[in-house]
>>> print(open('final.txt').read())   # compact mmCIF, C-alpha atoms (C1' of nucleotides)
# COMPACT_ATOMS: atom_id res chain seq x y z
CA MET A 1 -1.06 296.66 33.07
CA ARG A 2 -0.48 292.92 32.82
CA ILE A 3 -0.89 290.28 35.47
CA GLY A 4 2.69 290.28 36.70
CA GLU A 5 2.73 294.00 37.36
CA LEU A 6 -0.66 293.96 39.06
CA ALA A 7 0.40 291.12 41.31
CA ALA A 8 3.60 292.91 42.25
CA ARG A 9 1.77 296.17 42.95
CA ALA A 10 -0.67 294.38 45.22
CA GLY A 11 2.01 292.33 46.91
CA THR A 12 0.70 288.98 45.78
CA THR A 13 1.30 286.44 43.03
CA THR A 14 -0.01 285.85 39.55
CA ARG A 15 -1.27 282.48 40.68
CA ALA A 16 -3.46 284.15 43.28
CA LEU A 17 -4.88 286.54 40.69
CA ARG A 18 -5.80 283.73 38.34
CA TYR A 19 -7.36 281.96 41.28
CA TYR A 20 -9.45 285.00 42.18
CA GLU A 21 -10.55 285.20 38.57
CA SER A 22 -11.55 281.55 38.61
CA ARG A 23 -13.70 282.37 41.63
CA GLY A 24 -15.27 285.28 39.76
CA LEU A 25 -13.80 287.94 42.03
CA LEU A 26 -11.54 289.53 39.46
CA THR A 27 -12.30 289.85 35.77
CA ALA A 28 -9.78 290.85 33.15
CA ARG A 29 -9.98 292.17 29.65
CA ARG A 30 -7.82 290.35 27.17
CA GLY A 31 -5.22 291.83 24.86
CA PRO A 32 -4.96 290.70 21.23
CA ASN A 33 -2.46 288.03 22.25
CA GLY A 34 -4.74 286.58 24.91
CA HIS A 35 -2.89 288.18 27.81
CA ARG A 36 -4.88 289.57 30.69
CA VAL A 37 -5.03 293.36 30.81
CA TYR A 38 -5.90 295.26 33.99
CA GLY A 39 -6.56 298.85 34.93
CA GLU A 40 -6.25 300.90 38.11
CA ASP A 41 -9.74 299.88 39.17
CA ASP A 42 -8.66 296.29 39.29
CA LEU A 43 -5.82 297.25 41.57
CA ARG A 44 -8.33 298.76 43.97
CA LEU A 45 -10.46 295.62 43.86
CA LEU A 46 -7.42 293.51 44.47
CA ARG A 47 -6.22 295.62 47.37
CA GLN A 48 -9.66 295.31 48.92
CA ILE A 49 -9.49 291.54 48.63
CA ARG A 50 -6.01 291.36 50.09
CA THR A 51 -6.81 293.62 53.01
CA LEU A 52 -9.78 291.49 53.99
CA GLN A 53 -7.92 288.26 53.48
CA ASP A 54 -5.07 289.45 55.64
CA SER A 55 -7.63 290.08 58.36
CA GLY A 56 -8.88 286.52 58.17
CA PHE A 57 -11.84 286.95 55.87
CA GLY A 58 -12.53 284.07 53.55
CA LEU A 59 -12.55 284.73 49.83
CA GLU A 60 -16.30 284.39 49.63
CA GLU A 61 -16.68 287.00 52.32
CA THR A 62 -14.79 289.50 50.19
CA ARG A 63 -17.29 289.17 47.37
CA PRO A 64 -19.79 291.78 48.63
CA PHE A 65 -16.97 294.31 48.97
CA VAL A 66 -15.76 293.60 45.47
CA GLU A 67 -19.22 293.90 44.01
CA CYS A 68 -19.73 297.09 45.94
CA LEU A 69 -16.62 298.58 44.39
CA ARG A 70 -17.64 297.36 40.97
CA ALA A 71 -21.01 299.03 41.45
CA GLY A 72 -19.12 302.31 41.50
CA HIS A 73 -19.01 303.00 45.21
CA PRO A 74 -15.89 304.76 46.42
CA SER A 75 -15.18 302.17 49.11
CA GLY A 76 -16.03 298.49 49.30
CA ASP A 77 -17.84 298.76 52.61
CA ALA A 78 -20.33 301.37 51.43
CA CYS A 79 -22.94 298.69 50.77
CA PRO A 80 -25.28 296.95 53.24
CA ALA A 81 -24.08 293.48 52.25
CA SER A 82 -20.54 294.45 53.18
CA LEU A 83 -21.69 295.75 56.53
CA ASP A 84 -23.45 292.46 57.15
CA VAL A 85 -20.18 290.68 56.54
CA TYR A 86 -18.49 293.06 58.98
CA ARG A 87 -21.10 292.35 61.62
CA ARG A 88 -21.00 288.61 61.15
CA LYS A 89 -17.23 288.61 61.29
CA LEU A 90 -17.29 290.75 64.36
CA ALA A 91 -19.57 288.25 66.08
CA GLU A 92 -17.33 285.42 64.99
CA LEU A 93 -14.28 287.22 66.27
CA ASP A 94 -15.91 287.89 69.63
CA ALA A 95 -16.95 284.27 69.98
CA CYS A 96 -13.56 283.07 68.89
CA ILE A 97 -11.70 285.38 71.25
CA ALA A 98 -13.89 284.36 74.17
CA GLN A 99 -13.30 280.74 73.27
CA LEU A 100 -9.56 281.16 73.08
CA GLN A 101 -9.58 283.04 76.36
CA ALA A 102 -11.36 280.16 78.02
CA VAL A 103 -8.88 277.68 76.62
CA ARG A 104 -6.02 279.93 77.61
CA ASP A 105 -7.22 280.17 81.19
CA THR A 106 -7.66 276.42 81.37
CA VAL A 107 -4.20 275.75 80.02
CA ARG A 108 -2.71 278.33 82.36
CA GLU A 109 -4.40 276.72 85.32
CA ARG A 110 -3.29 273.26 84.38
CA LEU A 111 0.25 274.47 83.82
CA THR A 112 0.38 276.20 87.17
CA ARG A 113 -1.11 273.23 88.95
CA ALA A 114 1.33 270.86 87.29
CA GLU A 115 4.29 273.13 88.09
CA THR A 116 3.37 273.44 91.74
CA GLY A 117 2.90 269.69 91.78
CA ALA A 118 -0.73 269.26 92.76
CA GLY A 119 -2.88 266.29 91.94
CA THR A 120 -5.02 266.23 88.85
CA PRO A 121 -8.00 268.45 89.72
CA ALA A 122 -10.60 267.39 87.18
CA PRO A 123 -10.61 266.95 83.45
CA ALA A 124 -12.10 270.45 83.22
CA ALA A 125 -13.68 270.16 79.81
CA VAL A 126 -13.59 273.42 77.93
CA PRO A 127 -17.18 274.20 77.02
CA GLU A 128 -17.95 273.76 73.32
CA PRO A 129 -14.54 274.58 71.95
CA ARG A 130 -15.47 275.31 68.38
CA CYS A 131 -13.87 278.36 66.86
CA GLU A 132 -14.21 278.91 63.15
CA LEU A 133 -13.24 282.05 61.39
CA ALA A 134 -13.28 280.48 57.96
CA PRO A 135 -16.66 280.15 56.20
CA HIS A 136 -17.13 276.47 56.81
CA GLY A 137 -14.95 274.14 58.74
CA ALA A 138 -11.29 274.67 58.02
CA GLY A 139 -10.39 275.86 61.50
CA PRO A 140 -7.66 274.10 63.46
CA ILE A 141 -8.82 275.34 66.81
CA GLY A 142 -11.76 273.24 67.86
CA ARG A 143 -13.45 270.04 66.81
CA THR A 144 -16.96 270.06 65.48
CA GLY A 145 -17.37 266.38 66.18
CA MET B 1 -12.97 246.10 75.13
CA ARG B 2 -13.11 246.42 71.36
CA ILE B 3 -12.68 249.47 69.20
CA GLY B 4 -16.36 250.37 68.92
CA GLU B 5 -16.92 250.40 72.65
CA LEU B 6 -13.75 252.38 73.31
CA ALA B 7 -14.71 254.95 70.72
CA ALA B 8 -18.19 255.30 72.18
CA ARG B 9 -16.84 255.61 75.71
CA ALA B 10 -14.47 258.37 74.64
CA GLY B 11 -17.05 260.10 72.51
CA THR B 12 -15.24 259.66 69.24
CA THR B 13 -15.24 257.32 66.24
CA THR B 14 -13.47 254.12 65.35
CA ARG B 15 -11.95 255.88 62.38
CA ALA B 16 -10.28 258.37 64.68
CA LEU B 17 -8.88 255.59 66.84
CA ARG B 18 -7.37 253.80 63.88
CA TYR B 19 -5.96 257.11 62.76
CA TYR B 20 -4.35 257.71 66.15
CA GLU B 21 -2.89 254.25 65.97
CA SER B 22 -1.46 254.96 62.53
CA ARG B 23 0.21 258.00 64.09
CA GLY B 24 1.65 255.88 66.85
CA LEU B 25 -0.38 257.53 69.60
CA LEU B 26 -2.49 254.53 70.49
CA THR B 27 -1.40 250.91 70.33
CA ALA B 28 -3.70 247.94 70.60
CA ARG B 29 -3.28 244.29 71.42
CA ARG B 30 -4.94 241.96 69.00
CA GLY B 31 -7.41 239.21 69.76
CA PRO B 32 -7.15 235.81 68.09
CA ASN B 33 -9.46 237.00 65.32
CA GLY B 34 -7.33 240.05 64.55
CA HIS B 35 -9.64 242.47 66.31
CA ARG B 36 -8.13 245.26 68.37
CA VAL B 37 -8.43 244.80 72.12
CA TYR B 38 -8.15 247.69 74.56
CA GLY B 39 -8.01 248.11 78.32
CA GLU B 40 -8.92 250.89 80.74
CA ASP B 41 -5.47 252.41 80.37
CA ASP B 42 -6.14 252.98 76.71
CA LEU B 43 -9.31 254.83 77.62
CA ARG B 44 -7.28 257.17 79.78
CA LEU B 45 -4.79 257.76 76.97
CA LEU B 46 -7.63 258.41 74.58
CA ARG B 47 -9.39 260.80 76.92
CA GLN B 48 -6.16 262.73 77.29
CA ILE B 49 -5.83 263.01 73.54
CA ARG B 50 -9.43 264.11 73.13
CA THR B 51 -9.24 266.71 75.87
CA LEU B 52 -6.18 268.30 74.32
CA GLN B 53 -7.57 268.12 70.81
CA ASP B 54 -10.77 269.77 71.92
CA SER B 55 -8.67 272.59 73.29
CA GLY B 56 -6.99 273.13 69.94
CA PHE B 57 -3.82 271.11 70.42
CA GLY B 58 -2.54 269.36 67.33
CA LEU B 59 -2.16 265.60 67.43
CA GLU B 60 1.62 265.82 67.57
CA GLU B 61 1.34 268.08 70.59
CA THR B 62 -0.54 265.42 72.48
CA ARG B 63 2.32 262.95 72.09
CA PRO B 64 4.30 264.03 75.17
CA PHE B 65 1.19 263.67 77.31
CA VAL B 66 0.48 260.23 75.95
CA GLU B 67 4.04 259.09 76.48
CA CYS B 68 3.94 260.52 79.97
CA LEU B 69 0.88 258.46 80.80
CA ARG B 70 2.45 255.38 79.24
CA ALA B 71 5.50 255.92 81.40
CA GLY B 72 3.23 255.27 84.35
CA HIS B 73 2.62 258.79 85.58
CA PRO B 74 -0.81 259.39 87.05
CA SER B 75 -1.51 262.38 84.81
CA GLY B 76 -0.26 263.24 81.34
CA ASP B 77 1.08 266.63 82.34
CA ALA B 78 3.38 265.30 85.05
CA CYS B 79 6.35 265.36 82.66
CA PRO B 80 8.55 268.31 81.63
CA ALA B 81 7.91 267.76 77.92
CA SER B 82 4.18 268.16 78.53
CA LEU B 83 4.76 271.36 80.45
CA ASP B 84 6.79 272.68 77.56
CA VAL B 85 3.85 272.03 75.28
CA TYR B 86 1.59 273.88 77.73
CA ARG B 87 3.94 276.85 77.76
CA ARG B 88 4.31 276.95 74.01
CA LYS B 89 0.57 276.72 73.52
CA LEU B 90 0.02 279.42 76.10
CA ALA B 91 2.33 281.73 74.19
CA GLU B 92 0.58 280.86 70.95
CA LEU B 93 -2.79 281.52 72.50
CA ASP B 94 -1.70 284.89 73.84
CA ALA B 95 -0.30 285.90 70.47
CA CYS B 96 -3.39 284.64 68.72
CA ILE B 97 -5.77 286.41 71.06
CA ALA B 98 -3.88 289.67 70.75
CA GLN B 99 -3.93 289.28 67.00
CA LEU B 100 -7.64 288.62 66.88
CA GLN B 101 -8.26 291.53 69.20
CA ALA B 102 -6.41 293.82 66.83
CA VAL B 103 -8.39 292.54 63.88
CA ARG B 104 -11.58 292.84 65.86
CA ASP B 105 -10.90 296.45 66.76
CA THR B 106 -10.09 297.26 63.17
CA VAL B 107 -13.25 295.64 61.88
CA ARG B 108 -15.31 297.36 64.55
CA GLU B 109 -13.87 300.70 63.63
CA ARG B 110 -14.47 300.19 59.93
CA LEU B 111 -18.01 299.08 60.61
CA THR B 112 -18.77 302.05 62.78
CA ARG B 113 -17.22 304.43 60.31
CA ALA B 114 -19.16 302.91 57.44
CA GLU B 115 -22.43 302.99 59.41
CA THR B 116 -22.05 306.64 60.35
CA GLY B 117 -21.20 307.33 56.74
CA ALA B 118 -17.71 308.78 56.91
CA GLY B 119 -15.16 308.71 54.13
CA THR B 120 -12.62 305.92 53.86
CA PRO B 121 -10.09 306.71 56.59
CA ALA B 122 -7.05 304.73 55.50
CA PRO B 123 -6.46 301.13 54.50
CA ALA B 124 -5.38 300.55 58.11
CA ALA B 125 -3.29 297.45 57.59
CA VAL B 126 -3.49 295.05 60.48
CA PRO B 127 0.06 294.49 61.67
CA GLU B 128 1.41 291.03 60.79
CA PRO B 129 -1.86 289.13 60.89
CA ARG B 130 -0.54 285.62 61.31
CA CYS B 131 -2.27 283.47 63.85
CA GLU B 132 -1.53 279.78 63.94
CA LEU B 133 -2.70 277.45 66.63
CA ALA B 134 -1.98 274.31 64.66
CA PRO B 135 1.60 273.02 64.49
CA HIS B 136 2.37 274.26 61.02
CA GLY B 137 0.22 276.36 58.77
CA ALA B 138 -3.34 275.08 58.73
CA GLY B 139 -4.84 278.17 60.30
CA PRO B 140 -7.62 280.05 58.50
CA ILE B 141 -7.13 283.26 60.38
CA GLY B 142 -4.19 285.03 58.85
CA ARG B 143 -2.05 284.74 55.78
CA THR B 144 1.65 284.04 56.08
CA GLY B 145 2.38 285.30 52.58
C1' DA C 1 -28.76 229.08 55.49
C1' DC C 2 -29.44 233.72 56.07
C1' DT C 3 -29.34 238.17 58.32
C1' DG C 4 -27.35 241.66 61.12
C1' DG C 5 -23.81 243.66 63.49
C1' DC C 6 -19.40 243.99 64.63
C1' DG C 7 -14.55 243.92 62.97
C1' DT C 8 -10.53 244.27 59.29
C1' DT C 9 -7.40 246.86 55.53
C1' DG C 10 -6.83 250.14 51.74
C1' DA C 11 -7.71 254.01 49.29
C1' DC C 12 -9.81 258.18 47.91
C1' DG C 13 -12.54 262.63 49.34
C1' DT C 14 -12.96 266.92 52.10
C1' DC C 15 -11.99 271.91 53.14
C1' DG C 16 -9.23 276.87 51.38
C1' DG C 17 -5.91 279.13 49.06
C1' DC C 18 -3.01 278.88 46.62
C1' DG C 19 2.33 276.51 45.11
C1' DT C 20 4.44 274.16 41.67
C1' DC C 21 5.14 271.92 37.77
C1' DA C 22 4.41 270.62 32.55
C1' DG C 23 4.15 272.05 28.09
C1' DG C 24 3.33 275.50 25.14
C1' DG C 25 3.15 280.76 22.80
C1' DC C 26 4.58 285.61 21.90
C1' DG C 27 7.83 289.39 21.64
C1' DT C 28 12.07 291.56 21.81
C1' DA C 29 17.08 292.15 22.43
C1' DG C 30 21.44 290.39 21.13
C1' DC D 1 18.72 282.15 15.17
C1' DT D 2 18.69 282.01 19.95
C1' DA D 3 17.99 283.26 24.38
C1' DC D 4 15.25 285.42 27.83
C1' DG D 5 11.25 286.99 29.97
C1' DC D 6 6.74 287.31 30.22
C1' DC D 7 2.35 285.16 29.34
C1' DC D 8 -1.19 281.09 28.65
C1' DT D 9 -4.00 276.65 30.29
C1' DG D 10 -4.43 272.44 32.84
C1' DA D 11 -3.52 269.51 36.44
C1' DC D 12 -1.58 267.67 40.55
C1' DG D 13 0.40 268.71 45.51
C1' DC D 14 -0.14 270.44 50.13
C1' DC D 15 -1.65 270.80 55.05
C1' DG D 16 -4.64 268.07 59.40
C1' DA D 17 -7.84 265.04 61.00
C1' DC D 18 -10.39 262.40 59.91
C1' DG D 19 -15.27 260.85 56.67
C1' DT D 20 -16.72 257.66 53.56
C1' DC D 21 -16.79 253.83 50.57
C1' DA D 22 -15.33 249.23 48.94
C1' DA D 23 -14.83 244.57 49.71
C1' DC D 24 -14.07 241.42 52.79
C1' DG D 25 -14.04 238.25 57.56
C1' DC D 26 -16.17 236.49 61.81
C1' DC D 27 -19.73 235.41 64.99
C1' DA D 28 -24.50 235.17 67.14
C1' DG D 29 -29.26 234.63 66.65
C1' DT D 30 -33.42 232.67 64.24
>>> encode(input="final.txt", output="structure tokens")
Amino acid sequence: MRIGELAARAGTTTRALRYYESRGLLTARRGPNGHRVYGEDDLRLLRQIRTLQDSGFGLEETRPFVECLRAGHPSGDACPASLDVYRRKLAELDACIAQLQAVRDTVRERLTRAETGAGTPAPAAVPEPRCELAPHGAGPIGRTG
Amino acid sequence: MRIGELAARAGTTTRALRYYESRGLLTARRGPNGHRVYGEDDLRLLRQIRTLQDSGFGLEETRPFVECLRAGHPSGDACPASLDVYRRKLAELDACIAQLQAVRDTVRERLTRAETGAGTPAPAAVPEPRCELAPHGAGPIGRTG
DNA sequence: ACTGGCGTTGACGTCGGCGTCAGGGCGTAG
DNA sequence: CTACGCCCTGACGCCGACGTCAACGCCAGT
């Protein structure tokens, strides 16, 4: 299987695959003409990466899963390192959700107060509004300052 | 008041202020030596911008609030355009929170299943995982594809 | 005069995850 | 021979909100 077919089967692009390879997540054998050649295993790796990415995992966070699969395990999350990533992400998600909830409530309150035409209550600073799901600082939600 | 003092009083940096000015959000008079000169009104504008930014609003989304204040209203959210921004953001937040909740539940389930040592259940694709709080596509949470 | 601290503009760097060329090669069908 | 379709590498573009550096000006204190 060549890169175009693999990309299509995984619902992504050839550019993404080459990018993953440049990050060391996907390795490819080479045919006699220099073209990348993949097998079914690679499709499984790739699907693992895509699934995690679609859930908001950064590329680096998919690495333990990939290595776990490469180590011969039937599923990417059969290894302790993968579980650690799960747990960390879970904590991040909880913090992020709580954060967004707080912001949401604040916005809702301000909207209601403004609609009913009351005076400005107080600046009501949202406590520590950082919310990063990405590995380090690409999040649009809060400032780190 | 010069730029350094204003920045300090608002808890931000001079670089940010110059950036806001380049975006047309903050305007400054100039002293005879070319230095920017600000008044108390500018501090209020700036605080409005910072408050919204800290809550995850994009810079462009703060514009209606700023213009509302400049129009002489006592608070930035006294204008319909600002309320529209509130409402839009509220909808975004709700969508985002629901999205993150779904991801969270999925991750939790996969973690639990992996910890108890059960077989891979099913890829369990998270439905449409997009989650953007920023104006257009800077969010780290979900892929748009 | 020199030092230190403030200000100015302009321009490039950062972060992730690719998109989008530019410029070439290989293979096959017409 | 030519066209088409796939592949290759390398390099720049993008998005937001600034950080950081360069090279300079202006003013006060000693």
>>> atom_distance(input="final.txt", atom1="atom C1' of D:DG10", atom2="atom CA of A:Asp42")
25.1 Å
>>> residues_around(input="final.txt", residues="D:DC12", least_positions_apart="4", cutoff="12 Å", atoms="all atoms listed in the file", output="NGL selection string")
:C and (19-22)
>>> write_last_selection(input="final.txt", atoms="C-alpha atoms (C1' of nucleotides)", output="JSON list (two decimals), keeping the file's coordinate frame")
[["chain", "number", "residue", "atom", "x", "y", "z"],
["C", 19, "DG", "C1'", 2.33, 276.51, 45.11],
["C", 20, "DT", "C1'", 4.44, 274.16, 41.67],
["C", 21, "DC", "C1'", 5.14, 271.92, 37.77],
["C", 22, "DA", "C1'", 4.41, 270.62, 32.55]]
>>> atom_distance(input="final.txt", atom1="atom CA of A:Glu115", atom2="atom CA of B:Ala81")
12.1 Å
>>> closest_atom_pairs(input="final.txt", of="chain C", to="chain A", cutoff="10 Å", atoms="only C-alpha atoms (C1' of nucleotides)", output="tab-separated table")
residue	atom	partner	partner_atom	distance
C:DT14	C1'	A:Ala138	CA	9.9
C:DC15	C1'	A:Ala138	CA	5.6
C:DG16	C1'	A:Ala138	CA	7.3
C:DG17	C1'	A:Ala16	CA	8.0
C:DC18	C1'	A:Ala16	CA	6.3
C:DG19	C1'	A:Arg15	CA	8.3
C:DG25	C1'	A:Asn33	CA	9.2
C:DC26	C1'	A:Asn33	CA	7.5
>>> residues_around(input="final.txt", residues="D:DT9", least_positions_apart="2", cutoff="10 Å", atoms="only C-alpha atoms (C1' of nucleotides)", output="JSON, numbers by chain")
{"C": [23, 24], "D": [11]}
>>> closest_residue(input="final.txt", among="B:Gly11, B:Leu6, B:Leu83, B:Gln53", to="chain D", atoms="only C-alpha atoms (C1' of nucleotides)")
B:Gln53
>>> build_atoms(input="final.txt", residues="stretch 61-85 of chain A", atoms="N, CA and C atoms", output="short mmCIF file (atom, residue, chain, number, x, y, z; two decimals), in the coordinates of the input")
data_model
loop_
_atom_site.label_atom_id
_atom_site.label_comp_id
_atom_site.auth_asym_id
_atom_site.auth_seq_id
_atom_site.Cartn_x
_atom_site.Cartn_y
_atom_site.Cartn_z
N GLU A 61 -16.24 285.86 51.52
CA GLU A 61 -16.68 287.00 52.32
C GLU A 61 -16.22 288.33 51.72
N THR A 62 -15.26 288.26 50.81
CA THR A 62 -14.79 289.50 50.19
C THR A 62 -15.69 289.89 49.01
N ARG A 63 -16.50 288.94 48.58
CA ARG A 63 -17.29 289.17 47.37
C ARG A 63 -18.19 290.40 47.46
N PRO A 64 -18.95 290.58 48.56
CA PRO A 64 -19.79 291.78 48.63
C PRO A 64 -18.99 293.08 48.49
N PHE A 65 -17.82 293.12 49.07
CA PHE A 65 -16.97 294.31 48.97
C PHE A 65 -16.56 294.56 47.53
N VAL A 66 -16.17 293.49 46.87
CA VAL A 66 -15.76 293.60 45.47
C VAL A 66 -16.91 294.09 44.60
N GLU A 67 -18.06 293.50 44.81
CA GLU A 67 -19.22 293.90 44.01
C GLU A 67 -19.62 295.33 44.31
N CYS A 68 -19.43 295.72 45.54
CA CYS A 68 -19.73 297.09 45.94
C CYS A 68 -18.82 298.07 45.20
N LEU A 69 -17.56 297.73 45.13
CA LEU A 69 -16.62 298.58 44.39
C LEU A 69 -16.97 298.61 42.91
N ARG A 70 -17.30 297.44 42.38
CA ARG A 70 -17.64 297.36 40.97
C ARG A 70 -18.91 298.15 40.64
N ALA A 71 -19.77 298.28 41.67
CA ALA A 71 -21.01 299.03 41.45
C ALA A 71 -20.74 300.53 41.41
N GLY A 72 -19.48 300.91 41.62
CA GLY A 72 -19.12 302.31 41.50
C GLY A 72 -18.95 303.04 42.81
N HIS A 73 -19.17 302.34 43.92
CA HIS A 73 -19.01 303.00 45.21
C HIS A 73 -17.54 303.28 45.49
N PRO A 74 -17.28 304.36 46.19
CA PRO A 74 -15.89 304.76 46.42
C PRO A 74 -15.14 303.78 47.32
N SER A 75 -15.84 303.16 48.26
CA SER A 75 -15.18 302.17 49.11
C SER A 75 -16.03 300.90 49.16
N GLY A 76 -15.37 299.79 49.36
CA GLY A 76 -16.03 298.49 49.30
C GLY A 76 -17.06 298.26 50.38
N ASP A 77 -16.92 298.99 51.50
CA ASP A 77 -17.84 298.76 52.61
C ASP A 77 -18.96 299.81 52.64
N ALA A 78 -19.25 300.38 51.51
CA ALA A 78 -20.33 301.37 51.43
C ALA A 78 -21.68 300.71 51.19
N CYS A 79 -21.68 299.39 51.07
CA CYS A 79 -22.94 298.69 50.77
C CYS A 79 -23.40 297.86 51.97
N PRO A 80 -24.71 297.69 52.12
CA PRO A 80 -25.28 296.95 53.24
C PRO A 80 -24.74 295.53 53.36
N ALA A 81 -24.57 294.86 52.22
CA ALA A 81 -24.08 293.48 52.25
C ALA A 81 -22.69 293.40 52.88
N SER A 82 -21.88 294.41 52.60
CA SER A 82 -20.54 294.45 53.18
C SER A 82 -20.62 294.64 54.69
N LEU A 83 -21.52 295.49 55.09
CA LEU A 83 -21.69 295.75 56.53
C LEU A 83 -22.16 294.48 57.24
N ASP A 84 -23.02 293.73 56.56
CA ASP A 84 -23.45 292.46 57.15
C ASP A 84 -22.26 291.54 57.38
N VAL A 85 -21.38 291.51 56.40
CA VAL A 85 -20.18 290.68 56.54
C VAL A 85 -19.35 291.17 57.72
#
